[in-house]
file coords29.cif (mmCIF, N, CA and C atoms)
data_target
#
loop_
_atom_site.label_atom_id
_atom_site.label_comp_id
_atom_site.auth_asym_id
_atom_site.auth_seq_id
_atom_site.Cartn_x
_atom_site.Cartn_y
_atom_site.Cartn_z
N MET A 77 34.44 16.37 10.51
CA MET A 77 33.34 15.80 11.24
C MET A 77 32.01 16.16 10.58
N LYS A 78 31.83 17.45 10.25
CA LYS A 78 30.60 17.86 9.59
C LYS A 78 30.47 17.21 8.22
N PHE A 79 31.62 17.06 7.53
CA PHE A 79 31.61 16.42 6.22
C PHE A 79 31.13 14.98 6.33
N ALA A 80 31.63 14.26 7.33
CA ALA A 80 31.24 12.87 7.52
C ALA A 80 29.74 12.75 7.81
N ALA A 81 29.22 13.65 8.62
CA ALA A 81 27.79 13.63 8.93
C ALA A 81 26.97 13.94 7.69
N ALA A 82 27.41 14.92 6.91
CA ALA A 82 26.70 15.27 5.68
C ALA A 82 26.74 14.12 4.69
N PHE A 83 27.89 13.46 4.58
CA PHE A 83 28.03 12.33 3.67
C PHE A 83 27.12 11.18 4.09
N ALA A 84 27.07 10.90 5.38
CA ALA A 84 26.22 9.82 5.88
C ALA A 84 24.75 10.11 5.60
N THR A 85 24.35 11.36 5.77
CA THR A 85 22.97 11.75 5.48
C THR A 85 22.67 11.59 4.00
N LEU A 86 23.58 12.05 3.14
CA LEU A 86 23.39 11.93 1.70
C LEU A 86 23.32 10.47 1.28
N ALA A 87 24.18 9.64 1.84
CA ALA A 87 24.19 8.22 1.50
C ALA A 87 22.87 7.57 1.90
N ALA A 88 22.34 7.93 3.04
CA ALA A 88 21.07 7.35 3.50
C ALA A 88 19.92 7.73 2.57
N ILE A 89 19.96 8.96 2.07
CA ILE A 89 18.90 9.42 1.17
C ILE A 89 19.03 8.76 -0.20
N ALA A 90 20.25 8.56 -0.66
CA ALA A 90 20.49 8.06 -2.01
C ALA A 90 20.32 6.55 -2.12
N LEU A 91 20.34 5.82 -1.02
CA LEU A 91 20.21 4.38 -1.08
C LEU A 91 18.81 3.98 -1.55
N PRO A 92 18.73 2.96 -2.41
CA PRO A 92 17.41 2.53 -2.85
C PRO A 92 16.64 1.88 -1.71
N ALA A 93 15.33 1.92 -1.83
CA ALA A 93 14.48 1.31 -0.81
C ALA A 93 14.69 -0.20 -0.82
N VAL A 94 14.68 -0.80 0.34
CA VAL A 94 14.88 -2.23 0.48
C VAL A 94 13.53 -2.87 0.76
N ALA A 95 13.26 -3.96 0.06
CA ALA A 95 11.99 -4.66 0.25
C ALA A 95 11.98 -5.39 1.58
N SER A 96 10.82 -5.44 2.20
CA SER A 96 10.61 -6.16 3.46
C SER A 96 9.68 -7.34 3.21
N THR A 97 9.86 -8.40 3.96
CA THR A 97 8.95 -9.54 3.90
C THR A 97 7.74 -9.21 4.77
N VAL A 98 6.54 -9.36 4.20
CA VAL A 98 5.31 -8.96 4.89
C VAL A 98 4.23 -10.02 4.72
N GLN A 99 3.23 -9.96 5.57
CA GLN A 99 2.03 -10.79 5.44
C GLN A 99 0.98 -9.97 4.69
N VAL A 100 0.25 -10.63 3.81
CA VAL A 100 -0.78 -9.96 3.02
C VAL A 100 -2.09 -10.71 3.18
N THR A 101 -3.15 -9.97 3.49
CA THR A 101 -4.50 -10.51 3.62
C THR A 101 -5.43 -9.65 2.76
N TYR A 102 -6.72 -9.97 2.82
CA TYR A 102 -7.68 -9.14 2.07
C TYR A 102 -8.91 -8.86 2.91
N ASN A 103 -9.62 -7.81 2.51
CA ASN A 103 -10.89 -7.45 3.12
C ASN A 103 -11.75 -6.88 2.00
N THR A 104 -12.90 -7.48 1.75
CA THR A 104 -13.74 -7.07 0.63
C THR A 104 -14.34 -5.67 0.78
N ILE A 105 -14.23 -5.06 1.95
CA ILE A 105 -14.68 -3.67 2.11
C ILE A 105 -13.94 -2.77 1.13
N TYR A 106 -12.69 -3.14 0.82
CA TYR A 106 -11.87 -2.33 -0.10
C TYR A 106 -12.23 -2.55 -1.57
N ASP A 107 -13.11 -3.50 -1.86
CA ASP A 107 -13.55 -3.75 -3.24
C ASP A 107 -14.74 -2.89 -3.64
N ASN A 108 -15.41 -2.28 -2.68
CA ASN A 108 -16.62 -1.50 -2.95
C ASN A 108 -16.25 -0.05 -3.28
N PRO A 109 -16.49 0.37 -4.52
CA PRO A 109 -16.10 1.73 -4.91
C PRO A 109 -16.82 2.83 -4.14
N SER A 110 -17.99 2.52 -3.57
CA SER A 110 -18.74 3.54 -2.84
C SER A 110 -18.37 3.61 -1.36
N THR A 111 -17.42 2.78 -0.91
CA THR A 111 -16.98 2.85 0.48
C THR A 111 -16.38 4.22 0.75
N SER A 112 -16.91 4.89 1.75
CA SER A 112 -16.43 6.23 2.12
C SER A 112 -15.05 6.14 2.76
N LEU A 113 -14.17 7.03 2.36
CA LEU A 113 -12.87 7.10 3.03
C LEU A 113 -13.02 7.60 4.46
N GLY A 114 -14.22 8.06 4.81
CA GLY A 114 -14.51 8.50 6.17
C GLY A 114 -14.39 7.40 7.20
N ILE A 115 -14.44 6.13 6.77
CA ILE A 115 -14.32 5.01 7.71
C ILE A 115 -12.88 4.50 7.81
N THR A 116 -11.96 5.14 7.12
CA THR A 116 -10.56 4.69 7.12
C THR A 116 -9.69 5.64 7.95
N ALA A 117 -8.48 5.21 8.22
CA ALA A 117 -7.52 6.05 8.94
C ALA A 117 -7.07 7.24 8.10
N CYS A 118 -7.28 7.16 6.80
CA CYS A 118 -6.87 8.25 5.90
C CYS A 118 -8.08 9.09 5.48
N SER A 119 -8.96 9.33 6.42
CA SER A 119 -10.18 10.08 6.12
C SER A 119 -9.89 11.57 5.98
N ASN A 120 -9.92 12.28 7.10
CA ASN A 120 -9.74 13.74 7.05
C ASN A 120 -8.43 14.12 7.73
N GLY A 121 -8.29 15.37 8.09
CA GLY A 121 -7.04 15.85 8.64
C GLY A 121 -6.16 16.37 7.51
N VAL A 122 -5.09 17.00 7.85
CA VAL A 122 -4.20 17.61 6.86
C VAL A 122 -3.72 16.60 5.83
N ASN A 123 -3.43 15.37 6.26
CA ASN A 123 -2.92 14.34 5.36
C ASN A 123 -4.00 13.39 4.86
N GLY A 124 -5.24 13.64 5.22
CA GLY A 124 -6.33 12.75 4.84
C GLY A 124 -6.63 12.77 3.35
N LEU A 125 -7.16 11.67 2.85
CA LEU A 125 -7.47 11.58 1.43
C LEU A 125 -8.75 12.32 1.07
N GLN A 126 -9.70 12.42 2.01
CA GLN A 126 -10.90 13.23 1.75
C GLN A 126 -10.49 14.69 1.58
N THR A 127 -9.57 15.14 2.39
CA THR A 127 -9.07 16.51 2.32
C THR A 127 -8.44 16.79 0.96
N ARG A 128 -7.89 15.74 0.34
CA ARG A 128 -7.24 15.87 -0.97
C ARG A 128 -8.19 15.62 -2.13
N GLY A 129 -9.49 15.51 -1.82
CA GLY A 129 -10.49 15.42 -2.89
C GLY A 129 -10.96 14.03 -3.26
N TYR A 130 -10.70 13.04 -2.42
CA TYR A 130 -11.13 11.67 -2.69
C TYR A 130 -12.17 11.25 -1.65
N PRO A 131 -13.46 11.35 -1.95
CA PRO A 131 -14.48 11.02 -0.95
C PRO A 131 -14.70 9.52 -0.74
N THR A 132 -14.50 8.72 -1.79
CA THR A 132 -14.74 7.28 -1.71
C THR A 132 -13.55 6.52 -2.29
N LEU A 133 -13.50 5.23 -2.01
CA LEU A 133 -12.43 4.41 -2.57
C LEU A 133 -12.42 4.45 -4.10
N GLY A 134 -13.61 4.44 -4.70
CA GLY A 134 -13.72 4.42 -6.15
C GLY A 134 -13.20 5.67 -6.84
N THR A 135 -13.01 6.75 -6.10
CA THR A 135 -12.48 7.98 -6.71
C THR A 135 -10.95 7.99 -6.75
N LEU A 136 -10.32 7.02 -6.11
CA LEU A 136 -8.86 6.96 -6.09
C LEU A 136 -8.33 6.40 -7.41
N PRO A 137 -7.19 6.91 -7.88
CA PRO A 137 -6.58 6.33 -9.08
C PRO A 137 -6.24 4.87 -8.81
N HIS A 138 -6.36 4.04 -9.80
CA HIS A 138 -5.98 2.63 -9.74
C HIS A 138 -6.87 1.79 -8.83
N PHE A 139 -8.04 2.34 -8.39
CA PHE A 139 -8.97 1.53 -7.60
C PHE A 139 -9.27 0.26 -8.38
N PRO A 140 -9.33 -0.91 -7.79
CA PRO A 140 -9.37 -1.27 -6.37
C PRO A 140 -8.02 -1.68 -5.78
N TYR A 141 -6.95 -1.19 -6.34
CA TYR A 141 -5.62 -1.51 -5.80
C TYR A 141 -5.33 -0.58 -4.62
N VAL A 142 -6.02 -0.86 -3.53
CA VAL A 142 -5.97 -0.04 -2.31
C VAL A 142 -5.94 -0.98 -1.10
N GLY A 143 -5.59 -0.43 0.06
CA GLY A 143 -5.66 -1.24 1.27
C GLY A 143 -5.01 -0.60 2.47
N GLY A 144 -5.00 -1.38 3.54
CA GLY A 144 -4.37 -0.95 4.77
C GLY A 144 -2.91 -1.37 4.80
N VAL A 145 -2.09 -0.55 5.44
CA VAL A 145 -0.67 -0.87 5.55
C VAL A 145 -0.22 -0.77 7.01
N PRO A 146 0.75 -1.57 7.40
CA PRO A 146 1.26 -1.52 8.77
C PRO A 146 1.91 -0.17 9.07
N GLY A 147 1.74 0.29 10.28
CA GLY A 147 2.38 1.53 10.71
C GLY A 147 1.62 2.79 10.40
N LEU A 148 0.60 2.70 9.58
CA LEU A 148 -0.20 3.88 9.23
C LEU A 148 -1.19 4.15 10.36
N THR A 149 -1.37 5.42 10.68
CA THR A 149 -2.34 5.83 11.69
C THR A 149 -3.19 6.96 11.11
N TRP A 150 -4.21 7.40 11.87
CA TRP A 150 -5.06 8.49 11.39
C TRP A 150 -4.20 9.70 11.05
N ASN A 151 -4.50 10.30 9.89
CA ASN A 151 -3.85 11.53 9.44
C ASN A 151 -2.35 11.36 9.21
N SER A 152 -1.92 10.15 8.95
CA SER A 152 -0.51 9.85 8.72
C SER A 152 -0.02 10.44 7.40
N THR A 153 1.25 10.79 7.37
CA THR A 153 1.85 11.22 6.10
C THR A 153 1.94 10.05 5.13
N GLN A 154 1.70 8.83 5.60
CA GLN A 154 1.69 7.65 4.73
C GLN A 154 0.39 7.52 3.94
N CYS A 155 -0.63 8.29 4.30
CA CYS A 155 -1.90 8.24 3.56
C CYS A 155 -1.65 8.61 2.10
N GLY A 156 -2.09 7.73 1.21
CA GLY A 156 -1.88 7.97 -0.22
C GLY A 156 -0.53 7.51 -0.72
N SER A 157 0.28 6.91 0.15
CA SER A 157 1.57 6.40 -0.30
C SER A 157 1.34 5.17 -1.18
N CYS A 158 2.35 4.83 -1.96
CA CYS A 158 2.25 3.73 -2.92
C CYS A 158 3.21 2.62 -2.52
N TRP A 159 2.71 1.41 -2.52
CA TRP A 159 3.50 0.25 -2.11
C TRP A 159 3.49 -0.79 -3.21
N GLN A 160 4.67 -1.31 -3.52
CA GLN A 160 4.81 -2.36 -4.51
C GLN A 160 4.94 -3.69 -3.77
N LEU A 161 4.03 -4.60 -4.06
CA LEU A 161 4.03 -5.93 -3.44
C LEU A 161 4.35 -6.97 -4.50
N THR A 162 5.20 -7.92 -4.14
CA THR A 162 5.59 -8.99 -5.06
C THR A 162 5.39 -10.33 -4.36
N TYR A 163 4.76 -11.26 -5.09
CA TYR A 163 4.47 -12.59 -4.56
C TYR A 163 4.87 -13.63 -5.60
N GLN A 164 5.53 -14.68 -5.15
CA GLN A 164 5.92 -15.76 -6.06
C GLN A 164 4.86 -16.85 -6.02
N VAL A 165 4.21 -17.08 -7.15
CA VAL A 165 3.18 -18.11 -7.24
C VAL A 165 3.84 -19.48 -7.39
N ALA A 166 3.05 -20.55 -7.30
CA ALA A 166 3.56 -21.91 -7.29
C ALA A 166 4.42 -22.23 -8.51
N SER A 167 4.11 -21.65 -9.66
CA SER A 167 4.88 -21.93 -10.88
C SER A 167 6.26 -21.29 -10.85
N GLY A 168 6.52 -20.44 -9.86
CA GLY A 168 7.79 -19.73 -9.77
C GLY A 168 7.74 -18.33 -10.33
N LYS A 169 6.65 -18.02 -11.04
CA LYS A 169 6.48 -16.67 -11.59
C LYS A 169 6.23 -15.68 -10.45
N LYS A 170 6.76 -14.47 -10.60
CA LYS A 170 6.53 -13.43 -9.60
C LYS A 170 5.49 -12.44 -10.12
N ASN A 171 4.45 -12.24 -9.33
CA ASN A 171 3.42 -11.24 -9.63
C ASN A 171 3.68 -10.01 -8.79
N THR A 172 3.58 -8.84 -9.42
CA THR A 172 3.80 -7.58 -8.72
C THR A 172 2.62 -6.66 -8.95
N ILE A 173 2.16 -6.02 -7.87
CA ILE A 173 1.10 -5.01 -7.96
C ILE A 173 1.53 -3.80 -7.15
N ASN A 174 0.88 -2.68 -7.40
CA ASN A 174 1.09 -1.46 -6.63
C ASN A 174 -0.23 -1.08 -5.99
N ILE A 175 -0.19 -0.75 -4.70
CA ILE A 175 -1.42 -0.38 -3.99
C ILE A 175 -1.26 0.96 -3.29
N ILE A 176 -2.39 1.65 -3.14
CA ILE A 176 -2.43 2.93 -2.43
C ILE A 176 -2.81 2.68 -0.98
N ALA A 177 -2.05 3.24 -0.06
CA ALA A 177 -2.33 3.12 1.38
C ALA A 177 -3.51 4.02 1.74
N VAL A 178 -4.58 3.39 2.26
CA VAL A 178 -5.78 4.15 2.64
C VAL A 178 -6.21 3.92 4.08
N ASP A 179 -5.57 2.96 4.75
CA ASP A 179 -6.06 2.58 6.08
C ASP A 179 -4.94 1.98 6.92
N ALA A 180 -5.19 1.89 8.21
CA ALA A 180 -4.26 1.24 9.13
C ALA A 180 -4.54 -0.26 9.14
N ALA A 181 -3.50 -1.05 9.31
CA ALA A 181 -3.66 -2.50 9.38
C ALA A 181 -2.43 -3.11 10.05
N GLY A 182 -2.61 -4.29 10.61
CA GLY A 182 -1.49 -4.99 11.22
C GLY A 182 -0.56 -5.62 10.21
N SER A 183 -1.10 -5.92 9.03
CA SER A 183 -0.33 -6.43 7.90
C SER A 183 -0.88 -5.73 6.67
N PHE A 184 -0.35 -6.01 5.51
CA PHE A 184 -0.94 -5.42 4.30
C PHE A 184 -2.30 -6.09 4.09
N ASN A 185 -3.35 -5.29 4.04
CA ASN A 185 -4.72 -5.77 3.94
C ASN A 185 -5.35 -5.13 2.71
N LEU A 186 -5.51 -5.91 1.65
CA LEU A 186 -5.89 -5.39 0.34
C LEU A 186 -7.34 -5.70 -0.01
N SER A 187 -7.78 -5.11 -1.12
CA SER A 187 -9.05 -5.54 -1.71
C SER A 187 -8.86 -6.97 -2.21
N LEU A 188 -9.94 -7.72 -2.30
CA LEU A 188 -9.87 -9.08 -2.82
C LEU A 188 -9.35 -9.07 -4.25
N GLU A 189 -9.80 -8.11 -5.06
CA GLU A 189 -9.35 -8.04 -6.45
C GLU A 189 -7.84 -7.83 -6.54
N ALA A 190 -7.31 -6.94 -5.71
CA ALA A 190 -5.86 -6.70 -5.72
C ALA A 190 -5.10 -7.94 -5.26
N MET A 191 -5.61 -8.60 -4.22
CA MET A 191 -4.91 -9.79 -3.74
C MET A 191 -4.99 -10.93 -4.75
N ASN A 192 -6.11 -11.03 -5.48
CA ASN A 192 -6.19 -12.03 -6.54
C ASN A 192 -5.18 -11.74 -7.65
N ALA A 193 -4.99 -10.47 -7.98
CA ALA A 193 -3.98 -10.11 -8.98
C ALA A 193 -2.58 -10.48 -8.48
N LEU A 194 -2.35 -10.28 -7.20
CA LEU A 194 -1.05 -10.60 -6.61
C LEU A 194 -0.80 -12.10 -6.58
N THR A 195 -1.82 -12.87 -6.22
CA THR A 195 -1.65 -14.32 -5.99
C THR A 195 -2.01 -15.19 -7.19
N GLY A 196 -2.38 -14.59 -8.29
CA GLY A 196 -2.78 -15.39 -9.44
C GLY A 196 -4.16 -15.99 -9.28
N GLY A 197 -5.03 -15.30 -8.54
CA GLY A 197 -6.42 -15.72 -8.42
C GLY A 197 -6.72 -16.66 -7.27
N ILE A 198 -5.81 -16.80 -6.33
CA ILE A 198 -6.05 -17.74 -5.23
C ILE A 198 -6.11 -17.06 -3.86
N ALA A 199 -6.49 -15.80 -3.84
CA ALA A 199 -6.56 -15.07 -2.56
C ALA A 199 -7.52 -15.74 -1.59
N TYR A 200 -8.70 -16.11 -2.06
CA TYR A 200 -9.71 -16.71 -1.19
C TYR A 200 -9.20 -18.02 -0.60
N GLN A 201 -8.56 -18.85 -1.45
CA GLN A 201 -8.06 -20.14 -0.99
C GLN A 201 -6.92 -19.98 0.02
N LYS A 202 -6.05 -19.02 -0.21
CA LYS A 202 -4.89 -18.82 0.65
C LYS A 202 -5.23 -18.05 1.93
N GLY A 203 -6.02 -17.00 1.80
CA GLY A 203 -6.35 -16.17 2.96
C GLY A 203 -5.24 -15.21 3.32
N THR A 204 -4.06 -15.74 3.60
CA THR A 204 -2.88 -14.95 3.93
C THR A 204 -1.70 -15.50 3.15
N VAL A 205 -0.88 -14.60 2.61
CA VAL A 205 0.34 -15.00 1.92
C VAL A 205 1.50 -14.14 2.42
N THR A 206 2.70 -14.63 2.19
CA THR A 206 3.91 -13.88 2.48
C THR A 206 4.42 -13.30 1.17
N ALA A 207 4.69 -12.01 1.18
CA ALA A 207 5.16 -11.32 -0.03
C ALA A 207 6.27 -10.35 0.36
N SER A 208 6.81 -9.68 -0.63
CA SER A 208 7.77 -8.61 -0.33
C SER A 208 7.09 -7.28 -0.62
N ALA A 209 7.46 -6.26 0.14
CA ALA A 209 6.86 -4.94 -0.02
C ALA A 209 7.95 -3.88 0.01
N VAL A 210 7.78 -2.89 -0.84
CA VAL A 210 8.67 -1.74 -0.85
C VAL A 210 7.84 -0.51 -1.20
N GLN A 211 8.10 0.58 -0.51
CA GLN A 211 7.40 1.82 -0.83
C GLN A 211 8.04 2.41 -2.07
N VAL A 212 7.19 2.84 -3.02
CA VAL A 212 7.65 3.47 -4.25
C VAL A 212 7.03 4.86 -4.34
N ALA A 213 7.42 5.62 -5.32
CA ALA A 213 6.89 6.98 -5.48
C ALA A 213 5.38 6.94 -5.62
N ALA A 214 4.69 7.86 -4.97
CA ALA A 214 3.22 7.92 -5.03
C ALA A 214 2.73 8.05 -6.46
N SER A 215 3.52 8.64 -7.32
CA SER A 215 3.14 8.81 -8.73
C SER A 215 2.98 7.48 -9.44
N VAL A 216 3.65 6.43 -8.97
CA VAL A 216 3.51 5.10 -9.56
C VAL A 216 2.06 4.63 -9.44
N CYS A 217 1.38 5.05 -8.38
CA CYS A 217 -0.03 4.70 -8.16
C CYS A 217 -0.97 5.80 -8.64
N GLY A 218 -0.46 6.78 -9.35
CA GLY A 218 -1.32 7.84 -9.88
C GLY A 218 -1.63 8.94 -8.90
N MET A 219 -0.95 8.98 -7.78
CA MET A 219 -1.21 10.00 -6.75
C MET A 219 -0.30 11.21 -6.96
#
call {"tool": "encode", "arguments": {"input": "coords29.cif", "output": "structure tokens"}}
result
Amino acid sequence: MKFAAAFATLAAIALPAVASTVQVTYNTIYDNPSTSLGITACSNGVNGLQTRGYPTLGTLPHFPYVGGVPGLTWNSTQCGSCWQLTYQVASGKKNTINIIAVDAAGSFNLSLEAMNALTGGIAYQKGTVTASAVQVAASVCGM
């Protein structure tokens, strides 16, 4: 019995992350390098990004590839997590970007520059797109 429980736990840990279908939007507040992380859900607290030495969005690695992610709350352990988003453009090509979670959002809410990279430059025209998302190692985003 204990072996079965241990095996199930090990299997759950060893399984690769599965991508989820998500909605992606943008907010130009995330494009401004001087935006204080003090206005985001990942401001202070033990898990906050300011606490980890990042006072503004522009001080984060890979800026402006940042944004809000669903399920994140103030002082969440998800602050600073890295998410890989993939979107298929009209030509059939798939664009992939990695973003750092800095804020709470109902859907993935990125900087305009990051969403343009994801959509092939049509973020403004689309407004919202459907993409796939998977959490990857924070080191992928330089964290």
call {"tool": "resolve_selection", "arguments": {"input": "coords29.cif", "expression": "the PyMOL selection byres (((chain A and resi 119 and name CA) around 12) and name CA)", "output": "compact mmCIF listing (two decimals) with N, CA and C atoms, in the frame of the given file"}}
result
# COMPACT_ATOMS: atom_id res chain seq x y z
N THR A 111 -17.42 2.78 -0.91
CA THR A 111 -16.98 2.85 0.48
C THR A 111 -16.38 4.22 0.75
N SER A 112 -16.91 4.89 1.75
CA SER A 112 -16.43 6.23 2.12
C SER A 112 -15.05 6.14 2.76
N LEU A 113 -14.17 7.03 2.36
CA LEU A 113 -12.87 7.10 3.03
C LEU A 113 -13.02 7.60 4.46
N GLY A 114 -14.22 8.06 4.81
CA GLY A 114 -14.51 8.50 6.17
C GLY A 114 -14.39 7.40 7.20
N ILE A 115 -14.44 6.13 6.77
CA ILE A 115 -14.32 5.01 7.71
C ILE A 115 -12.88 4.50 7.81
N THR A 116 -11.96 5.14 7.12
CA THR A 116 -10.56 4.69 7.12
C THR A 116 -9.69 5.64 7.95
N ALA A 117 -8.48 5.21 8.22
CA ALA A 117 -7.52 6.05 8.94
C ALA A 117 -7.07 7.24 8.10
N CYS A 118 -7.28 7.16 6.80
CA CYS A 118 -6.87 8.25 5.90
C CYS A 118 -8.08 9.09 5.48
N ASN A 120 -9.92 12.28 7.10
CA ASN A 120 -9.74 13.74 7.05
C ASN A 120 -8.43 14.12 7.73
N GLY A 121 -8.29 15.37 8.09
CA GLY A 121 -7.04 15.85 8.64
C GLY A 121 -6.16 16.37 7.51
N VAL A 122 -5.09 17.00 7.85
CA VAL A 122 -4.20 17.61 6.86
C VAL A 122 -3.72 16.60 5.83
N ASN A 123 -3.43 15.37 6.26
CA ASN A 123 -2.92 14.34 5.36
C ASN A 123 -4.00 13.39 4.86
N GLY A 124 -5.24 13.64 5.22
CA GLY A 124 -6.33 12.75 4.84
C GLY A 124 -6.63 12.77 3.35
N LEU A 125 -7.16 11.67 2.85
CA LEU A 125 -7.47 11.58 1.43
C LEU A 125 -8.75 12.32 1.07
N GLN A 126 -9.70 12.42 2.01
CA GLN A 126 -10.90 13.23 1.75
C GLN A 126 -10.49 14.69 1.58
N THR A 127 -9.57 15.14 2.39
CA THR A 127 -9.07 16.51 2.32
C THR A 127 -8.44 16.79 0.96
N ARG A 128 -7.89 15.74 0.34
CA ARG A 128 -7.24 15.87 -0.97
C ARG A 128 -8.19 15.62 -2.13
N GLY A 129 -9.49 15.51 -1.82
CA GLY A 129 -10.49 15.42 -2.89
C GLY A 129 -10.96 14.03 -3.26
N TYR A 130 -10.70 13.04 -2.42
CA TYR A 130 -11.13 11.67 -2.69
C TYR A 130 -12.17 11.25 -1.65
N PRO A 131 -13.46 11.35 -1.95
CA PRO A 131 -14.48 11.02 -0.95
C PRO A 131 -14.70 9.52 -0.74
N THR A 132 -14.50 8.72 -1.79
CA THR A 132 -14.74 7.28 -1.71
C THR A 132 -13.55 6.52 -2.29
N LEU A 133 -13.50 5.23 -2.01
CA LEU A 133 -12.43 4.41 -2.57
C LEU A 133 -12.42 4.45 -4.10
N THR A 149 -1.37 5.42 10.68
CA THR A 149 -2.34 5.83 11.69
C THR A 149 -3.19 6.96 11.11
N TRP A 150 -4.21 7.40 11.87
CA TRP A 150 -5.06 8.49 11.39
C TRP A 150 -4.20 9.70 11.05
N ASN A 151 -4.50 10.30 9.89
CA ASN A 151 -3.85 11.53 9.44
C ASN A 151 -2.35 11.36 9.21
N SER A 152 -1.92 10.15 8.95
CA SER A 152 -0.51 9.85 8.72
C SER A 152 -0.02 10.44 7.40
N CYS A 155 -0.63 8.29 4.30
CA CYS A 155 -1.90 8.24 3.56
C CYS A 155 -1.65 8.61 2.10
N GLY A 156 -2.09 7.73 1.21
CA GLY A 156 -1.88 7.97 -0.22
C GLY A 156 -0.53 7.51 -0.72
N ALA A 177 -2.05 3.24 -0.06
CA ALA A 177 -2.33 3.12 1.38
C ALA A 177 -3.51 4.02 1.74
N VAL A 178 -4.58 3.39 2.26
CA VAL A 178 -5.78 4.15 2.64
C VAL A 178 -6.21 3.92 4.08
N ASP A 179 -5.57 2.96 4.75
CA ASP A 179 -6.06 2.58 6.08
C ASP A 179 -4.94 1.98 6.92
N ALA A 180 -5.19 1.89 8.21
CA ALA A 180 -4.26 1.24 9.13
C ALA A 180 -4.54 -0.26 9.14
call {"tool": "atom_distance", "arguments": {"input": "coords29.cif", "atom1": "CA of Gly144 (chain A)", "atom2": "CA of Ile176 (chain A)"}}
result
8.4 Å
call {"tool": "residues_around", "arguments": {"input": "coords29.cif", "residues": "Gly196 (chain A)", "least_positions_apart": "6", "cutoff": "8 Å", "atoms": "only N, CA and C atoms", "output": "mmCIF file with N, CA and C atoms, in the frame of the given file"}}
result
data_model
loop_
_atom_site.group_PDB
_atom_site.id
_atom_site.type_symbol
_atom_site.label_atom_id
_atom_site.label_comp_id
_atom_site.auth_asym_id
_atom_site.auth_seq_id
_atom_site.Cartn_x
_atom_site.Cartn_y
_atom_site.Cartn_z
ATOM 1 N N TYR A 163 4.760 -11.260 -5.090
ATOM 2 C CA TYR A 163 4.470 -12.590 -4.560
ATOM 3 C C TYR A 163 4.870 -13.630 -5.600
ATOM 4 N N GLN A 164 5.530 -14.680 -5.150
ATOM 5 C CA GLN A 164 5.920 -15.760 -6.060
ATOM 6 C C GLN A 164 4.860 -16.850 -6.020
ATOM 7 N N VAL A 165 4.210 -17.080 -7.150
ATOM 8 C CA VAL A 165 3.180 -18.110 -7.240
ATOM 9 C C VAL A 165 3.840 -19.480 -7.390
ATOM 10 N N ASN A 171 4.450 -12.240 -9.330
ATOM 11 C CA ASN A 171 3.420 -11.240 -9.630
ATOM 12 C C ASN A 171 3.680 -10.010 -8.790
ATOM 13 N N ALA A 190 -7.310 -6.940 -5.710
ATOM 14 C CA ALA A 190 -5.860 -6.700 -5.720
ATOM 15 C C ALA A 190 -5.100 -7.940 -5.260
#
call {"tool": "closest_residue", "arguments": {"input": "coords29.cif", "among": "A:Ser208, A:Thr153, A:Asn185, A:Gln160", "to": "Thr101 (chain A)", "atoms": "only C-alpha atoms"}}
result
A:Asn185
call {"tool": "select_by_dssp", "arguments": {"input": "coords29.cif", "residues": "region 79-219 of chain A", "states": "alpha helix (DSSP H)", "output": "list of chain:residue names"}}
result
A:Phe79, A:Ala80, A:Ala81, A:Ala82, A:Phe83, A:Ala84, A:Thr85, A:Leu86, A:Ala87, A:Ala88, A:Ile89, A:Ala90, A:Leu188, A:Glu189, A:Ala190, A:Met191, A:Asn192, A:Ala193, A:Leu194, A:Thr195, A:Ala199, A:Tyr200, A:Gln201, A:Lys202
call {"tool": "closest_residue", "arguments": {"input": "coords29.cif", "among": "A:Ser110, A:Gln201, A:Thr162, A:Ser167", "to": "Ala95 (chain A)", "atoms": "only C-alpha atoms"}}
result
A:Thr162
call {"tool": "resolve_selection", "arguments": {"input": "coords29.cif", "expression": "the PyMOL selection byres ((chain A and resi 137) around 6)", "output": "PyMOL selection string"}}
result
chain A and resi 135-136+138-139+217-218
call {"tool": "closest_residue", "arguments": {"input": "coords29.cif", "among": "A:Gln99, A:Gly182, A:Gly168, A:Trp159", "to": "Gly147 (chain A)", "atoms": "only N, CA and C atoms"}}
result
A:Gly182
call {"tool": "select_by_dssp", "arguments": {"input": "coords29.cif", "residues": "chain A", "states": "strand (DSSP E or B)", "output": "PyMOL selection string"}}
result
chain A and resi 96-102+112+132+142-145+158-164+170-180+184-186+205-212
call {"tool": "resolve_selection", "arguments": {"input": "coords29.cif", "expression": "the PyMOL selection byres ((chain A and resi 188) around 8)", "output": "list in words"}}
result
Thr101, Tyr102, Asn103, Thr104, Ile105, Tyr106, Asp107, Asn108, Pro140, Val142, Asn185, Leu186, Ser187, Glu189, Ala190, Met191, Asn192, Ala193, Leu194, Ala199 and Tyr200 of chain A
call {"tool": "atom_distance", "arguments": {"input": "coords29.cif", "atom1": "CA of Asn174 (chain A)", "atom2": "CA of Gln211 (chain A)"}}
result
9.2 Å
call {"tool": "atom_distance", "arguments": {"input": "coords29.cif", "atom1": "CA of Gly197 (chain A)", "atom2": "CA of Ala214 (chain A)"}}
result
25.8 Å
call {"tool": "residues_near_point", "arguments": {"input": "coords29.cif", "point": "(1.8, -2.3, 5.1)", "cutoff": "5 Å", "atoms": "only N, CA and C atoms", "output": "list in words"}}
result
Gly144, Val145, Pro146, Ser183 and Phe184 of chain A
call {"tool": "closest_residue", "arguments": {"input": "coords29.cif", "among": "A:Lys170, A:Val98, A:Ile175, A:Gly134", "to": "Ala213 (chain A)", "atoms": "only C-alpha atoms"}}
result
A:Ile175
call {"tool": "closest_residue", "arguments": {"input": "coords29.cif", "among": "A:Ile173, A:Leu161, A:Val100, A:Ile198", "to": "Val210 (chain A)", "atoms": "only C-alpha atoms"}}
result
A:Leu161
call {"tool": "closest_residue", "arguments": {"input": "coords29.cif", "among": "A:Ser215, A:Ala207, A:Ala181, A:Ser96", "to": "Gly143 (chain A)", "atoms": "only N, CA and C atoms"}}
result
A:Ala181
